[in-house]
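Shown below: work-v7.csv, with CSV, C-alpha atoms.
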```csv
chain,number,residue,atom,x,y,z
E,1,MET,CA,0.0,0.0,0.0
E,2,PHE,CA,1.3,3.5,-0.9
E,3,VAL,CA,1.4,6.1,1.8
E,4,PHE,CA,0.9,9.6,0.5
E,5,VAL,CA,0.5,12.9,2.3
E,6,MET,CA,-0.2,16.2,0.5
E,7,SER,CA,-0.3,19.6,2.0
E,8,LYS,CA,-3.4,21.7,1.6
E,9,LYS,CA,-1.5,24.4,-0.4
E,10,GLY,CA,0.0,21.9,-2.9
E,11,LEU,CA,3.4,20.4,-3.1
E,12,PRO,CA,6.3,22.3,-1.6
E,13,ARG,CA,9.2,23.4,-3.8
E,14,PRO,CA,11.8,20.5,-3.6
E,15,THR,CA,15.3,21.4,-2.4
E,16,ASP,CA,18.4,20.6,-4.5
E,17,SER,CA,18.9,17.3,-2.6
E,18,GLU,CA,15.3,16.4,-3.0
E,19,LEU,CA,15.5,17.1,-6.7
E,20,SER,CA,18.4,14.7,-7.0
E,21,ILE,CA,16.4,12.0,-5.4
E,22,LEU,CA,13.4,12.8,-7.6
E,23,SER,CA,15.6,12.7,-10.7
E,24,VAL,CA,16.7,9.1,-9.8
E,25,LEU,CA,13.1,8.0,-9.3
E,26,TRP,CA,11.9,9.6,-12.5
E,27,LEU,CA,14.7,7.8,-14.4
E,28,ARG,CA,14.5,4.4,-12.7
E,29,GLY,CA,10.9,4.3,-11.6
E,30,PRO,CA,9.9,2.9,-8.2
E,31,SER,CA,13.0,2.0,-6.2
E,32,THR,CA,14.3,1.1,-2.8
E,33,VAL,CA,16.4,3.5,-0.7
E,34,ARG,CA,19.5,1.4,-1.5
E,35,ALA,CA,19.0,1.7,-5.2
E,36,VAL,CA,18.5,5.5,-5.0
E,37,HIS,CA,21.6,5.7,-2.7
E,38,GLU,CA,23.7,3.7,-5.2
E,39,GLU,CA,22.6,5.9,-8.1
E,40,LEU,CA,23.3,9.1,-6.2
E,41,ASN,CA,26.8,7.9,-5.2
E,42,ARG,CA,27.8,7.6,-8.8
E,43,SER,CA,28.0,11.4,-9.0
E,44,GLN,CA,28.5,12.5,-5.3
E,45,GLU,CA,29.4,10.7,-2.1
E,46,THR,CA,26.2,10.5,0.0
E,47,GLY,CA,25.5,8.5,3.1
E,48,TYR,CA,22.8,5.9,3.1
E,49,THR,CA,21.1,7.2,6.3
E,50,THR,CA,21.1,10.7,4.8
E,51,VAL,CA,19.3,9.5,1.7
E,52,LEU,CA,16.9,7.5,3.9
E,53,LYS,CA,16.1,10.5,6.1
E,54,LEU,CA,15.6,12.8,3.1
E,55,MET,CA,13.2,10.3,1.5
E,56,GLN,CA,11.3,10.0,4.8
E,57,ILE,CA,11.0,13.8,4.9
E,58,MET,CA,9.9,13.8,1.2
E,59,ILE,CA,7.1,11.4,2.2
E,60,GLU,CA,5.9,13.8,4.8
E,61,LYS,CA,6.0,16.7,2.3
E,62,GLY,CA,4.0,14.7,-0.3
E,63,LEU,CA,6.9,14.6,-2.8
E,64,LEU,CA,7.2,10.8,-2.6
E,65,LYS,CA,4.9,7.8,-2.2
E,66,ARG,CA,6.0,4.6,-0.4
E,67,ASP,CA,4.9,1.0,-0.9
E,68,ASP,CA,5.5,-0.6,2.5
E,69,SER,CA,3.8,-4.0,1.6
E,70,GLU,CA,7.2,-5.7,1.2
E,71,ARG,CA,10.2,-5.9,3.6
E,72,SER,CA,12.2,-3.4,1.5
E,73,HIS,CA,10.0,-0.3,1.1
E,74,VAL,CA,9.7,0.9,-2.5
E,75,TYR,CA,9.5,4.7,-3.2
E,76,GLU,CA,8.3,6.6,-6.2
E,77,ALA,CA,7.8,10.2,-7.1
E,78,ALA,CA,4.4,11.5,-6.2
E,79,VAL,CA,4.2,13.8,-9.2
E,80,ALA,CA,5.6,13.6,-12.8
E,81,ARG,CA,8.8,15.4,-13.7
E,82,GLU,CA,6.9,17.8,-16.0
E,83,GLN,CA,4.6,18.9,-13.2
E,84,THR,CA,7.5,19.6,-10.9
E,85,GLN,CA,9.4,21.5,-13.7
E,86,ARG,CA,6.3,23.6,-14.3
E,87,GLN,CA,5.9,24.3,-10.6
E,88,LEU,CA,9.6,25.3,-10.4
E,89,LEU,CA,9.5,27.5,-13.5
E,90,GLY,CA,6.3,29.2,-12.3
E,91,ASP,CA,7.9,30.0,-9.0
E,92,LEU,CA,11.1,31.3,-10.7
E,93,ARG,CA,9.0,33.3,-13.2
E,94,GLU,CA,7.1,35.0,-10.3
E,95,ARG,CA,10.2,35.6,-8.1
E,96,ALA,CA,12.8,36.6,-10.6
E,97,PHE,CA,10.9,37.8,-13.7
E,98,SER,CA,7.9,39.7,-12.1
E,99,GLY,CA,5.6,37.1,-13.7
E,100,SER,CA,6.9,37.6,-17.2
E,101,ALA,CA,7.1,34.4,-19.3
E,102,GLN,CA,8.7,36.4,-22.1
E,103,GLN,CA,11.6,37.6,-19.9
E,104,LEU,CA,12.1,34.0,-18.5
E,105,VAL,CA,12.2,32.5,-22.0
E,106,MET,CA,14.5,35.3,-23.3
E,107,GLN,CA,17.0,34.8,-20.5
E,108,ALA,CA,16.9,31.0,-20.8
E,109,LEU,CA,17.7,31.2,-24.5
E,110,ALA,CA,20.3,33.9,-24.0
E,111,SER,CA,22.1,32.0,-21.2
E,112,LYS,CA,23.0,29.0,-23.3
E,113,LYS,CA,22.9,28.5,-27.1
E,114,ALA,CA,20.0,26.2,-28.1
E,115,SER,CA,20.8,23.3,-30.5
E,116,PRO,CA,19.1,23.3,-33.9
E,117,GLY,CA,16.9,20.4,-32.7
E,118,GLU,CA,15.9,22.4,-29.6
E,119,LEU,CA,15.0,25.4,-31.7
E,120,ILE,CA,12.8,23.3,-34.0
E,121,GLU,CA,11.0,21.9,-30.9
E,122,ILE,CA,10.6,25.5,-29.6
E,123,ARG,CA,9.2,26.7,-32.9
E,124,LYS,CA,6.7,23.7,-32.9
E,125,LEU,CA,5.5,24.6,-29.5
E,126,ILE,CA,5.0,28.3,-30.4
E,127,ASP,CA,3.1,27.2,-33.5
E,128,GLN,CA,0.9,24.9,-31.4
E,129,MET,CA,0.3,27.7,-28.9
E,130,GLU,CA,-0.7,30.0,-31.8
E,131,GLY,CA,-3.0,27.4,-33.3
E,132,LYS,CA,-0.8,26.8,-36.4
E,133,GLY,CA,0.4,23.3,-35.6
E,134,LYS,CA,-2.9,21.5,-35.8
```
This structure in structure tokens:
Amino acid sequence: MFVFVMSKKGLPRPTDSELSILSVLWLRGPSTVRAVHEELNRSQETGYTTVLKLMQIMIEKGLLKRDDSERSHVYEAAVAREQTQRQLLGDLRERAFSGSAQQLVMQALASKKASPGELIEIRKLIDQMEGKGK
């Protein structure tokens, strides 16, 4: 059975450490603490108990779900990567760009050159938003 707790105001903004754990779970799917710990250790030395404690906190925050029906508990992200990305971008847009999507996009594109493939995808998205890509 999955245990899931969500705050009344919606999900909190994940910390950098929490985002690292979420990234592993989005990539691997439902996983044990040990599997998440091993994956995180590939890029940065992290203690097992630190990962466990963070994941327990993430359960309380509503960022993760836990299946405790087996001896080794299995965790998964409570929300999709895209939903979390939209939440983080919305927060950044409000805090750093006074709510301006245009300024956010302009700065994002100016900060690092987009590949030709990325530009094609951006154009497709703009066309769809304008109703041209139907």
Step by step: start from the point (22.0, 3.7, 0.7) in the file's coordinates, keep every protein, DNA or RNA residue that has an atom no farther than 8 Å from it, count all atoms listed in the file, and write the set as a compact mmCIF listing (two decimals) with C-alpha atoms, in the coordinates of the input.
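As written to disk, point33.txt reads:
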```
# COMPACT_ATOMS: atom_id res chain seq x y z
CA VAL E 33 16.40 3.50 -0.70
CA ARG E 34 19.50 1.40 -1.50
CA ALA E 35 19.00 1.70 -5.20
CA VAL E 36 18.50 5.50 -5.00
CA HIS E 37 21.60 5.70 -2.70
CA GLU E 38 23.70 3.70 -5.20
CA GLY E 47 25.50 8.50 3.10
CA TYR E 48 22.80 5.90 3.10
CA THR E 49 21.10 7.20 6.30
CA VAL E 51 19.30 9.50 1.70
CA LEU E 52 16.90 7.50 3.90
```
For Ser17 (chain E), please output as a PyMOL selection string all residues within 9 Å (counting all atoms listed in the file; exclusion window: fewer than 4 positions along the same chain). chain E and resi 21-22+51+54
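Interatomic distance, CA of Tyr75 (chain E) to CA of Thr32 (chain E): 6.0 Å.
Excluding Ala101 (chain E) itself and any same-chain residue fewer than 5 positions from it, the protein and nucleic acid residues within 12 Å of it, counting all atoms listed in the file, are Arg86, Leu89, Gly90, Asp91, Leu92, Arg93, Glu94, Arg95, Ala96, Met106, Gln107 and Ala108 of chain E.
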CA of Lys113 (chain E) to CA of Asp16 (chain E), distance in Å rounded to a single decimal =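 Calculated distance between CA of Lys113 (chain E) and CA of Asp16 (chain E) is 24.4 Å.
Checking E:Ser23, E:Ser31, E:Asn41, E:Gln102 one by one against Ala80 (chain E), counting all atoms listed in the file, you find the shortest gap at E:Ser23.
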### Task
Could you tell me how far CA of Val74 (chain E) lies from CA of Trp26 (chain E), in Å and to one decimal?
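Calculated distance between CA of Val74 (chain E) and CA of Trp26 (chain E) is 13.4 Å.
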query: Excluding same-chain residues fewer than 5 positions from Arg123 (chain E), what lies within 12 Å of it counting all atoms listed in the file, as a list of chain:residue names?
result: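 The neighbour list is E:Ala114, E:Pro116, E:Gly117, E:Glu118, E:Gln128, E:Met129, E:Glu130, E:Lys132, E:Gly133.
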Residues within 9 Å of Arg13 (chain E), please, as a PyMOL selection string. Count all atoms listed in the file; anything in the same chain fewer than 3 positions from it doesn't count.
chain E and resi 84+87-88+91
Take the residues from that selection and write them out as a CSV table (one decimal), in the coordinates of the input, keeping C-alpha atoms.
```csv
chain,number,residue,atom,x,y,z
E,84,THR,CA,7.5,19.6,-10.9
E,87,GLN,CA,5.9,24.3,-10.6
E,88,LEU,CA,9.6,25.3,-10.4
E,91,ASP,CA,7.9,30.0,-9.0
```
Residue with smallest distance to Arg42 (chain E) - pool E:Ile126, E:Met55, E:Val24, E:Ala110, counting all atoms listed in the file: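 For Arg42 (chain E), the nearest of the given residues is E:Val24.
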Up to 10 Å from (6.8, 7.6, 0.8) in the file's coordinates: name the residues, counting only C-alpha atoms, as a PDB file with C-alpha atoms, in the frame of the given file.
```pdb
ATOM      1  CA  PHE E   2       1.300   3.500  -0.900  1.00  0.00           C
ATOM      2  CA  VAL E   3       1.400   6.100   1.800  1.00  0.00           C
ATOM      3  CA  PHE E   4       0.900   9.600   0.500  1.00  0.00           C
ATOM      4  CA  VAL E   5       0.500  12.900   2.300  1.00  0.00           C
ATOM      5  CA  MET E  55      13.200  10.300   1.500  1.00  0.00           C
ATOM      6  CA  GLN E  56      11.300  10.000   4.800  1.00  0.00           C
ATOM      7  CA  ILE E  57      11.000  13.800   4.900  1.00  0.00           C
ATOM      8  CA  MET E  58       9.900  13.800   1.200  1.00  0.00           C
ATOM      9  CA  ILE E  59       7.100  11.400   2.200  1.00  0.00           C
ATOM     10  CA  GLU E  60       5.900  13.800   4.800  1.00  0.00           C
ATOM     11  CA  LYS E  61       6.000  16.700   2.300  1.00  0.00           C
ATOM     12  CA  GLY E  62       4.000  14.700  -0.300  1.00  0.00           C
ATOM     13  CA  LEU E  63       6.900  14.600  -2.800  1.00  0.00           C
ATOM     14  CA  LEU E  64       7.200  10.800  -2.600  1.00  0.00           C
ATOM     15  CA  LYS E  65       4.900   7.800  -2.200  1.00  0.00           C
ATOM     16  CA  ARG E  66       6.000   4.600  -0.400  1.00  0.00           C
ATOM     17  CA  ASP E  67       4.900   1.000  -0.900  1.00  0.00           C
ATOM     18  CA  ASP E  68       5.500  -0.600   2.500  1.00  0.00           C
ATOM     19  CA  HIS E  73      10.000  -0.300   1.100  1.00  0.00           C
ATOM     20  CA  VAL E  74       9.700   0.900  -2.500  1.00  0.00           C
ATOM     21  CA  TYR E  75       9.500   4.700  -3.200  1.00  0.00           C
ATOM     22  CA  GLU E  76       8.300   6.600  -6.200  1.00  0.00           C
ATOM     23  CA  ALA E  77       7.800  10.200  -7.100  1.00  0.00           C
ATOM     24  CA  ALA E  78       4.400  11.500  -6.200  1.00  0.00           C
TER      25      ALA E  78
END
```
